Amino acid sequence: MYRFVLTRQWVFLTLMALALIPAMIELGFWQYHRHEHRIAQNQLIEANLRAKPVPMTEITSPGHRVPRADFWRSVTATGTYDTAHEVVVRMRTDNDDKVGFHVLTPLVLSDGRVVLVNRGWVPGGDDPRAYPPVPAAPTGEVTVTGRLKADETSSGSGIKDRKGLPDRQVMLINSEQQAEYLGRTVLGGYLELTAPAPADGSPETVSDPDHDSIGPHMAYAVQWWLFAGAVPVGWVVLVRREKREREEEAARAEASRQEPATA
């Protein structure tokens, strides 16, 4: 009664089901690993944000690539803002997802080296290519505290580093690019300012990275595994239905053959 599963249609359907099961299981593990990565990242962010601030000069240097273990590390720096070489970073959003600029101001240390400080977000004006109104940075020697961030690259951020931008506007926050622009030695990475916050709230400091939500990856993993389990169940259901329909059709054909003889 089950010889129909050897037909071309059923062989194709069976092979497709056999291919879908391991693919769905693998997709489930992929989402599960993403869930684990998100948990580990949340723990890293929380630990680094809670850690006691350390001088930025102790954990980075010119040309240094900030490792993931130091992302969002609380750091400090003392120096004088060089507002003459301040630039703005295009296409950045505030805490309410409004598009504007980030203000990147060099902080010159006592030894002449520079720390890049992202002072926060400001809105753009009517002309998107014009330099936006930027509140003045504090004068004199200041001590700032912030989160250590790695240099941005096009491959890592997905932001295209466009050329031909208006004067003092950039697409990426990158210490090597700014070292060329400034003609100074710049420490690798940059400081995302958290304190002291501007008295009037502008520039708007960048909020802490999200380290509470875990995303939907675990739910997606369970869904893929349920789909993988549903494939063989669905195959059995289809086979049984096909068998039942064939039996009913055979019974009707037998009944139609017996009717003339009975008459």
# chains A, B, ... in the order shown; residues from 1 in each chain; ligands from 1
$ residues_around --residues "Ile39 in chain A" --least-positions-apart "2" --cutoff "12 Å" --atoms "only C-alpha atoms" --output "list in words"
Tyr32, His33, Arg34, His35, Glu36, His37, Gln41, Asn42, Gln43, Leu44, Ile45, Glu46, Asp210, His211, Asp212, Ser213, Ile214, Gly215, Pro216, His217 and Met218 of chain A
$ write_last_selection --atoms "N, CA, C and O atoms" --output "PDB file, in the first residue's frame"
ATOM      1  N   TYR A  32      21.223  30.206  17.991  1.00  0.00           N
ATOM      2  CA  TYR A  32      21.595  29.966  19.391  1.00  0.00           C
ATOM      3  C   TYR A  32      22.971  30.556  19.691  1.00  0.00           C
ATOM      4  O   TYR A  32      23.179  31.159  20.754  1.00  0.00           O
ATOM      5  N   HIS A  33      23.920  30.400  18.760  1.00  0.00           N
ATOM      6  CA  HIS A  33      25.251  30.975  18.971  1.00  0.00           C
ATOM      7  C   HIS A  33      25.189  32.499  18.975  1.00  0.00           C
ATOM      8  O   HIS A  33      25.939  33.153  19.712  1.00  0.00           O
ATOM      9  N   ARG A  34      24.297  33.068  18.155  1.00  0.00           N
ATOM     10  CA  ARG A  34      24.116  34.522  18.193  1.00  0.00           C
ATOM     11  C   ARG A  34      23.554  34.949  19.559  1.00  0.00           C
ATOM     12  O   ARG A  34      23.927  35.999  20.086  1.00  0.00           O
ATOM     13  N   HIS A  35      22.670  34.151  20.114  1.00  0.00           N
ATOM     14  CA  HIS A  35      22.130  34.423  21.447  1.00  0.00           C
ATOM     15  C   HIS A  35      23.255  34.394  22.487  1.00  0.00           C
ATOM     16  O   HIS A  35      23.343  35.288  23.346  1.00  0.00           O
ATOM     17  N   GLU A  36      24.118  33.388  22.404  1.00  0.00           N
ATOM     18  CA  GLU A  36      25.238  33.299  23.340  1.00  0.00           C
ATOM     19  C   GLU A  36      26.173  34.496  23.189  1.00  0.00           C
ATOM     20  O   GLU A  36      26.676  35.035  24.187  1.00  0.00           O
ATOM     21  N   HIS A  37      26.422  34.905  21.929  1.00  0.00           N
ATOM     22  CA  HIS A  37      27.290  36.066  21.686  1.00  0.00           C
ATOM     23  C   HIS A  37      26.680  37.325  22.293  1.00  0.00           C
ATOM     24  O   HIS A  37      27.396  38.146  22.878  1.00  0.00           O
ATOM     25  N   GLN A  41      28.341  39.636  25.145  1.00  0.00           N
ATOM     26  CA  GLN A  41      28.582  41.055  24.906  1.00  0.00           C
ATOM     27  C   GLN A  41      27.922  41.903  25.976  1.00  0.00           C
ATOM     28  O   GLN A  41      28.522  42.888  26.444  1.00  0.00           O
ATOM     29  N   ASN A  42      26.712  41.555  26.382  1.00  0.00           N
ATOM     30  CA  ASN A  42      26.037  42.297  27.454  1.00  0.00           C
ATOM     31  C   ASN A  42      26.854  42.255  28.743  1.00  0.00           C
ATOM     32  O   ASN A  42      26.979  43.262  29.450  1.00  0.00           O
ATOM     33  N   GLN A  43      27.402  41.087  29.050  1.00  0.00           N
ATOM     34  CA  GLN A  43      28.215  40.950  30.261  1.00  0.00           C
ATOM     35  C   GLN A  43      29.489  41.786  30.159  1.00  0.00           C
ATOM     36  O   GLN A  43      29.903  42.416  31.140  1.00  0.00           O
ATOM     37  N   LEU A  44      30.093  41.803  28.961  1.00  0.00           N
ATOM     38  CA  LEU A  44      31.302  42.602  28.758  1.00  0.00           C
ATOM     39  C   LEU A  44      31.005  44.087  28.914  1.00  0.00           C
ATOM     40  O   LEU A  44      31.752  44.819  29.586  1.00  0.00           O
ATOM     41  N   ILE A  45      29.923  44.555  28.290  1.00  0.00           N
ATOM     42  CA  ILE A  45      29.566  45.967  28.380  1.00  0.00           C
ATOM     43  C   ILE A  45      29.325  46.359  29.832  1.00  0.00           C
ATOM     44  O   ILE A  45      29.848  47.374  30.316  1.00  0.00           O
ATOM     45  N   GLU A  46      28.544  45.550  30.546  1.00  0.00           N
ATOM     46  CA  GLU A  46      28.226  45.879  31.935  1.00  0.00           C
ATOM     47  C   GLU A  46      29.472  45.920  32.800  1.00  0.00           C
ATOM     48  O   GLU A  46      29.660  46.835  33.611  1.00  0.00           O
ATOM     49  N   ASP A 210      23.147  49.491  24.808  1.00  0.00           N
ATOM     50  CA  ASP A 210      22.150  48.580  25.372  1.00  0.00           C
ATOM     51  C   ASP A 210      22.838  47.292  25.824  1.00  0.00           C
ATOM     52  O   ASP A 210      23.500  46.620  25.042  1.00  0.00           O
ATOM     53  N   HIS A 211      22.680  46.952  27.099  1.00  0.00           N
ATOM     54  CA  HIS A 211      23.240  45.705  27.591  1.00  0.00           C
ATOM     55  C   HIS A 211      22.244  44.965  28.476  1.00  0.00           C
ATOM     56  O   HIS A 211      22.626  44.146  29.320  1.00  0.00           O
ATOM     57  N   ASP A 212      20.953  45.241  28.262  1.00  0.00           N
ATOM     58  CA  ASP A 212      19.889  44.567  29.009  1.00  0.00           C
ATOM     59  C   ASP A 212      19.104  43.590  28.132  1.00  0.00           C
ATOM     60  O   ASP A 212      18.783  42.482  28.565  1.00  0.00           O
ATOM     61  N   SER A 213      18.773  43.996  26.934  1.00  0.00           N
ATOM     62  CA  SER A 213      17.972  43.129  26.068  1.00  0.00           C
ATOM     63  C   SER A 213      18.850  42.036  25.469  1.00  0.00           C
ATOM     64  O   SER A 213      20.046  42.224  25.248  1.00  0.00           O
ATOM     65  N   ILE A 214      18.249  40.896  25.213  1.00  0.00           N
ATOM     66  CA  ILE A 214      18.989  39.759  24.650  1.00  0.00           C
ATOM     67  C   ILE A 214      18.557  39.466  23.228  1.00  0.00           C
ATOM     68  O   ILE A 214      19.104  38.560  22.589  1.00  0.00           O
ATOM     69  N   GLY A 215      17.599  40.211  22.716  1.00  0.00           N
ATOM     70  CA  GLY A 215      17.198  40.014  21.332  1.00  0.00           C
ATOM     71  C   GLY A 215      16.331  38.768  21.151  1.00  0.00           C
ATOM     72  O   GLY A 215      16.094  38.015  22.092  1.00  0.00           O
ATOM     73  N   PRO A 216      15.904  38.519  19.911  1.00  0.00           N
ATOM     74  CA  PRO A 216      14.989  37.406  19.642  1.00  0.00           C
ATOM     75  C   PRO A 216      15.689  36.127  19.202  1.00  0.00           C
ATOM     76  O   PRO A 216      15.029  35.186  18.758  1.00  0.00           O
ATOM     77  N   HIS A 217      17.030  36.059  19.327  1.00  0.00           N
ATOM     78  CA  HIS A 217      17.764  34.957  18.716  1.00  0.00           C
ATOM     79  C   HIS A 217      17.391  33.601  19.317  1.00  0.00           C
ATOM     80  O   HIS A 217      17.306  32.597  18.600  1.00  0.00           O
ATOM     81  N   MET A 218      17.181  33.538  20.630  1.00  0.00           N
ATOM     82  CA  MET A 218      16.827  32.258  21.242  1.00  0.00           C
ATOM     83  C   MET A 218      15.460  31.794  20.753  1.00  0.00           C
ATOM     84  O   MET A 218      15.261  30.596  20.491  1.00  0.00           O
TER      85      MET A 218
END
$ residues_around --residues "Gln169 in chain A" --least-positions-apart "2" --cutoff "9 Å" --atoms "only C-alpha atoms" --output "PDB file with all heavy atoms, in the first residue's frame"
ATOM      1  N   VAL A  87      36.136  68.566  14.192  1.00  0.00           N
ATOM      2  CA  VAL A  87      35.386  68.147  13.004  1.00  0.00           C
ATOM      3  C   VAL A  87      34.053  67.560  13.468  1.00  0.00           C
ATOM      4  O   VAL A  87      33.863  67.259  14.650  1.00  0.00           O
ATOM      5  CB  VAL A  87      36.168  67.096  12.169  1.00  0.00           C
ATOM      6  CG1 VAL A  87      37.469  67.676  11.655  1.00  0.00           C
ATOM      7  CG2 VAL A  87      36.418  65.830  12.980  1.00  0.00           C
ATOM      8  N   VAL A  88      33.144  67.412  12.518  1.00  0.00           N
ATOM      9  CA  VAL A  88      31.871  66.761  12.817  1.00  0.00           C
ATOM     10  C   VAL A  88      31.746  65.499  11.969  1.00  0.00           C
ATOM     11  O   VAL A  88      32.265  65.424  10.856  1.00  0.00           O
ATOM     12  CB  VAL A  88      30.669  67.698  12.568  1.00  0.00           C
ATOM     13  CG1 VAL A  88      30.662  68.844  13.566  1.00  0.00           C
ATOM     14  CG2 VAL A  88      30.653  68.224  11.134  1.00  0.00           C
ATOM     15  N   VAL A  89      31.068  64.514  12.527  1.00  0.00           N
ATOM     16  CA  VAL A  89      30.891  63.222  11.874  1.00  0.00           C
ATOM     17  C   VAL A  89      29.469  63.150  11.324  1.00  0.00           C
ATOM     18  O   VAL A  89      28.502  63.274  12.074  1.00  0.00           O
ATOM     19  CB  VAL A  89      31.149  62.063  12.858  1.00  0.00           C
ATOM     20  CG1 VAL A  89      31.221  60.738  12.111  1.00  0.00           C
ATOM     21  CG2 VAL A  89      32.427  62.306  13.653  1.00  0.00           C
ATOM     22  N   ARG A  90      29.353  62.975  10.042  1.00  0.00           N
ATOM     23  CA  ARG A  90      28.060  63.026   9.367  1.00  0.00           C
ATOM     24  C   ARG A  90      27.205  61.774   9.635  1.00  0.00           C
ATOM     25  O   ARG A  90      27.710  60.721   9.987  1.00  0.00           O
ATOM     26  CB  ARG A  90      28.271  63.161   7.855  1.00  0.00           C
ATOM     27  CG  ARG A  90      28.918  64.477   7.436  1.00  0.00           C
ATOM     28  CD  ARG A  90      29.260  64.471   5.958  1.00  0.00           C
ATOM     29  NE  ARG A  90      28.089  64.261   5.125  1.00  0.00           N
ATOM     30  CZ  ARG A  90      27.306  65.238   4.671  1.00  0.00           C
ATOM     31  NH1 ARG A  90      27.585  66.499   4.979  1.00  0.00           N
ATOM     32  NH2 ARG A  90      26.272  64.985   3.906  1.00  0.00           N
ATOM     33  N   ARG A 129      25.008  70.192   3.965  1.00  0.00           N
ATOM     34  CA  ARG A 129      26.442  70.235   3.697  1.00  0.00           C
ATOM     35  C   ARG A 129      27.149  71.334   4.486  1.00  0.00           C
ATOM     36  O   ARG A 129      28.381  71.417   4.482  1.00  0.00           O
ATOM     37  CB  ARG A 129      26.687  70.430   2.196  1.00  0.00           C
ATOM     38  CG  ARG A 129      26.251  69.249   1.342  1.00  0.00           C
ATOM     39  CD  ARG A 129      26.631  69.450  -0.120  1.00  0.00           C
ATOM     40  NE  ARG A 129      28.064  69.592  -0.321  1.00  0.00           N
ATOM     41  CZ  ARG A 129      28.908  68.565  -0.413  1.00  0.00           C
ATOM     42  NH1 ARG A 129      28.457  67.318  -0.318  1.00  0.00           N
ATOM     43  NH2 ARG A 129      30.193  68.772  -0.617  1.00  0.00           N
ATOM     44  N   TYR A 131      28.486  73.370   7.811  1.00  0.00           N
ATOM     45  CA  TYR A 131      28.968  73.012   9.146  1.00  0.00           C
ATOM     46  C   TYR A 131      27.905  73.412  10.170  1.00  0.00           C
ATOM     47  O   TYR A 131      27.453  74.562  10.194  1.00  0.00           O
ATOM     48  CB  TYR A 131      30.287  73.715   9.431  1.00  0.00           C
ATOM     49  CG  TYR A 131      31.038  73.160  10.615  1.00  0.00           C
ATOM     50  CD1 TYR A 131      31.859  72.049  10.469  1.00  0.00           C
ATOM     51  CD2 TYR A 131      30.914  73.737  11.868  1.00  0.00           C
ATOM     52  CE1 TYR A 131      32.556  71.532  11.547  1.00  0.00           C
ATOM     53  CE2 TYR A 131      31.602  73.218  12.962  1.00  0.00           C
ATOM     54  CZ  TYR A 131      32.420  72.109  12.793  1.00  0.00           C
ATOM     55  OH  TYR A 131      33.102  71.592  13.870  1.00  0.00           O
ATOM     56  N   LEU A 165      33.957  65.511   0.886  1.00  0.00           N
ATOM     57  CA  LEU A 165      33.020  66.069   1.863  1.00  0.00           C
ATOM     58  C   LEU A 165      33.336  67.543   2.120  1.00  0.00           C
ATOM     59  O   LEU A 165      34.448  68.007   1.867  1.00  0.00           O
ATOM     60  CB  LEU A 165      33.105  65.284   3.174  1.00  0.00           C
ATOM     61  CG  LEU A 165      32.673  63.816   3.129  1.00  0.00           C
ATOM     62  CD1 LEU A 165      32.923  63.159   4.478  1.00  0.00           C
ATOM     63  CD2 LEU A 165      31.207  63.694   2.745  1.00  0.00           C
ATOM     64  N   PRO A 166      32.362  68.277   2.640  1.00  0.00           N
ATOM     65  CA  PRO A 166      32.629  69.673   3.009  1.00  0.00           C
ATOM     66  C   PRO A 166      33.751  69.764   4.045  1.00  0.00           C
ATOM     67  O   PRO A 166      34.057  68.792   4.744  1.00  0.00           O
ATOM     68  CB  PRO A 166      31.291  70.152   3.586  1.00  0.00           C
ATOM     69  CG  PRO A 166      30.275  69.235   2.983  1.00  0.00           C
ATOM     70  CD  PRO A 166      30.941  67.914   2.832  1.00  0.00           C
ATOM     71  N   ASP A 167      34.345  70.921   4.143  1.00  0.00           N
ATOM     72  CA  ASP A 167      35.452  71.138   5.057  1.00  0.00           C
ATOM     73  C   ASP A 167      35.052  70.794   6.488  1.00  0.00           C
ATOM     74  O   ASP A 167      33.955  71.129   6.945  1.00  0.00           O
ATOM     75  CB  ASP A 167      35.914  72.599   4.975  1.00  0.00           C
ATOM     76  CG  ASP A 167      37.175  72.833   5.763  1.00  0.00           C
ATOM     77  OD1 ASP A 167      38.058  71.952   5.759  1.00  0.00           O
ATOM     78  OD2 ASP A 167      37.279  73.900   6.410  1.00  0.00           O
ATOM     79  N   MET A 171      33.171  61.012   7.708  1.00  0.00           N
ATOM     80  CA  MET A 171      32.181  59.945   7.820  1.00  0.00           C
ATOM     81  C   MET A 171      32.501  58.976   8.957  1.00  0.00           C
ATOM     82  O   MET A 171      31.599  58.376   9.543  1.00  0.00           O
ATOM     83  CB  MET A 171      32.101  59.155   6.501  1.00  0.00           C
ATOM     84  CG  MET A 171      31.613  59.953   5.309  1.00  0.00           C
ATOM     85  SD  MET A 171      29.932  60.617   5.514  1.00  0.00           S
ATOM     86  CE  MET A 171      28.980  59.115   5.711  1.00  0.00           C
TER      87      MET A 171
END
$ residues_around --residues "range 190-194 of chain A" --least-positions-apart "3" --cutoff "6 Å" --atoms "only C-alpha atoms" --output "ChimeraX atom specification"
/A:116-119,145-149
$ select_by_dssp --residues "range 67-176 of chain A" --states "alpha helix (DSSP H)" --output "list of chain:residue names"
A:Ser154, A:Ser155, A:Gly156, A:Ser157, A:Ser175, A:Glu176
$ write_last_selection --atoms "all heavy atoms" --output "compact mmCIF listing (two decimals), in the first residue's frame"
# COMPACT_ATOMS: atom_id res chain seq x y z
N SER A 154 35.18 51.25 7.42
CA SER A 154 34.04 50.96 6.56
C SER A 154 33.63 49.50 6.67
O SER A 154 32.44 49.17 6.70
CB SER A 154 34.37 51.31 5.10
OG SER A 154 34.53 52.71 4.95
N SER A 155 34.61 48.60 6.74
CA SER A 155 34.29 47.18 6.81
C SER A 155 33.65 46.81 8.14
O SER A 155 32.77 45.96 8.20
CB SER A 155 35.57 46.35 6.61
OG SER A 155 36.54 46.67 7.60
N GLY A 156 34.08 47.47 9.21
CA GLY A 156 33.52 47.14 10.53
C GLY A 156 32.20 47.81 10.83
O GLY A 156 31.36 47.25 11.53
N SER A 157 31.99 49.02 10.30
CA SER A 157 30.78 49.78 10.62
C SER A 157 29.73 49.72 9.52
O SER A 157 28.56 50.01 9.77
CB SER A 157 31.14 51.25 10.89
OG SER A 157 31.64 51.86 9.71
N SER A 175 41.38 57.28 14.26
CA SER A 175 42.54 57.99 14.79
C SER A 175 43.64 58.19 13.74
O SER A 175 44.32 59.21 13.74
CB SER A 175 43.10 57.23 16.01
OG SER A 175 43.55 55.95 15.64
N GLU A 176 43.81 57.22 12.85
CA GLU A 176 44.86 57.36 11.84
C GLU A 176 44.51 58.46 10.85
O GLU A 176 45.39 59.25 10.45
CB GLU A 176 45.04 56.02 11.11
CG GLU A 176 45.61 54.92 12.01
CD GLU A 176 45.82 53.62 11.26
OE1 GLU A 176 45.46 53.55 10.06
OE2 GLU A 176 46.35 52.66 11.87
$ closest_residue --among "A:Ala197, A:Ala150, A:Pro203, A:Thr60" --to "Gly100 in chain A" --atoms "only C-alpha atoms"
A:Pro203
$ closest_residue --among "A:Gly79, A:Gly234, A:Pro132, A:Gly125" --to "Leu13 in chain A" --atoms "only C-alpha atoms"
A:Gly234
$ residues_around --residues "Leu15 in chain A" --least-positions-apart "4" --cutoff "12 Å" --atoms "only C-alpha atoms" --output "count of residues only"
13
$ closest_residue --among "A:Val99, A:Ala250, A:Leu18, A:Val115" --to "Leu182 in chain A" --atoms "only C-alpha atoms"
A:Val115
$ closest_residue --among "A:Arg240, A:Lys52, A:Arg38, A:His102" --to "Leu172 in chain A" --atoms "only C-alpha atoms"
A:His102
$ decode --residues "range 101-127 of chain A" --atoms "N, CA and C atoms" --output "CSV table (one decimal), in the first residue's frame"
chain,number,residue,atom,x,y,z
A,101,PHE,N,24.9,65.2,13.6
A,101,PHE,CA,26.3,65.1,13.6
A,101,PHE,C,26.8,64.7,15.0
A,102,HIS,N,27.9,64.0,15.0
A,102,HIS,CA,28.7,63.9,16.2
A,102,HIS,C,29.9,64.9,16.2
A,103,VAL,N,30.2,65.5,17.3
A,103,VAL,CA,31.2,66.5,17.4
A,103,VAL,C,32.5,65.8,17.9
A,104,LEU,N,33.5,65.8,17.1
A,104,LEU,CA,34.8,65.2,17.4
A,104,LEU,C,35.9,66.2,17.6
A,105,THR,N,36.3,66.4,18.9
A,105,THR,CA,37.2,67.4,19.3
A,105,THR,C,38.6,66.8,19.8
A,106,PRO,N,39.7,67.2,19.2
A,106,PRO,CA,41.0,66.7,19.7
A,106,PRO,C,41.3,67.3,21.1
A,107,LEU,N,41.7,66.4,22.0
A,107,LEU,CA,42.2,66.8,23.3
A,107,LEU,C,43.7,66.6,23.4
A,108,VAL,N,44.4,67.7,23.5
A,108,VAL,CA,45.9,67.7,23.5
A,108,VAL,C,46.4,67.4,24.9
A,109,LEU,N,47.1,66.3,25.1
A,109,LEU,CA,47.6,66.0,26.4
A,109,LEU,C,48.9,66.8,26.7
A,110,SER,N,49.4,66.7,27.9
A,110,SER,CA,50.6,67.5,28.3
A,110,SER,C,51.8,67.1,27.5
A,111,ASP,N,51.9,65.9,27.0
A,111,ASP,CA,53.0,65.4,26.3
A,111,ASP,C,52.9,65.7,24.8
A,112,GLY,N,51.8,66.4,24.3
A,112,GLY,CA,51.6,66.7,22.9
A,112,GLY,C,50.8,65.7,22.2
A,113,ARG,N,50.6,64.5,22.7
A,113,ARG,CA,49.8,63.5,22.0
A,113,ARG,C,48.3,63.9,22.1
A,114,VAL,N,47.5,63.3,21.3
A,114,VAL,CA,46.1,63.7,21.2
A,114,VAL,C,45.2,62.5,21.5
A,115,VAL,N,44.1,62.8,22.2
A,115,VAL,CA,43.0,61.9,22.4
A,115,VAL,C,41.8,62.5,21.6
A,116,LEU,N,41.2,61.7,20.8
A,116,LEU,CA,39.9,62.1,20.1
A,116,LEU,C,38.8,61.9,21.1
A,117,VAL,N,38.0,63.0,21.2
A,117,VAL,CA,36.9,63.0,22.1
A,117,VAL,C,35.6,63.2,21.3
A,118,ASN,N,34.7,62.3,21.4
A,118,ASN,CA,33.4,62.4,20.8
A,118,ASN,C,32.5,63.1,21.8
A,119,ARG,N,32.3,64.4,21.7
A,119,ARG,CA,31.6,65.2,22.7
A,119,ARG,C,30.1,65.0,22.6
A,120,GLY,N,29.6,64.4,21.6
A,120,GLY,CA,28.1,64.1,21.5
A,120,GLY,C,27.5,64.6,20.2
A,121,TRP,N,26.2,64.6,20.2
A,121,TRP,CA,25.4,64.8,19.0
A,121,TRP,C,24.8,66.2,19.0
A,122,VAL,N,24.8,66.8,17.8
A,122,VAL,CA,24.2,68.1,17.5
A,122,VAL,C,23.3,68.0,16.3
A,123,PRO,N,22.2,68.7,16.2
A,123,PRO,CA,21.4,68.6,15.0
A,123,PRO,C,22.0,69.4,13.8
A,124,GLY,N,21.6,69.0,12.6
A,124,GLY,CA,22.1,69.8,11.4
A,124,GLY,C,21.3,71.0,11.2
A,125,GLY,N,21.7,71.8,10.3
A,125,GLY,CA,21.0,73.0,9.9
A,125,GLY,C,20.1,72.7,8.7
A,126,ASP,N,19.7,73.8,8.0
A,126,ASP,CA,18.9,73.7,6.8
A,126,ASP,C,19.7,73.1,5.7
A,127,ASP,N,20.9,73.4,5.6
A,127,ASP,CA,21.8,72.9,4.6
A,127,ASP,C,22.6,71.8,5.1
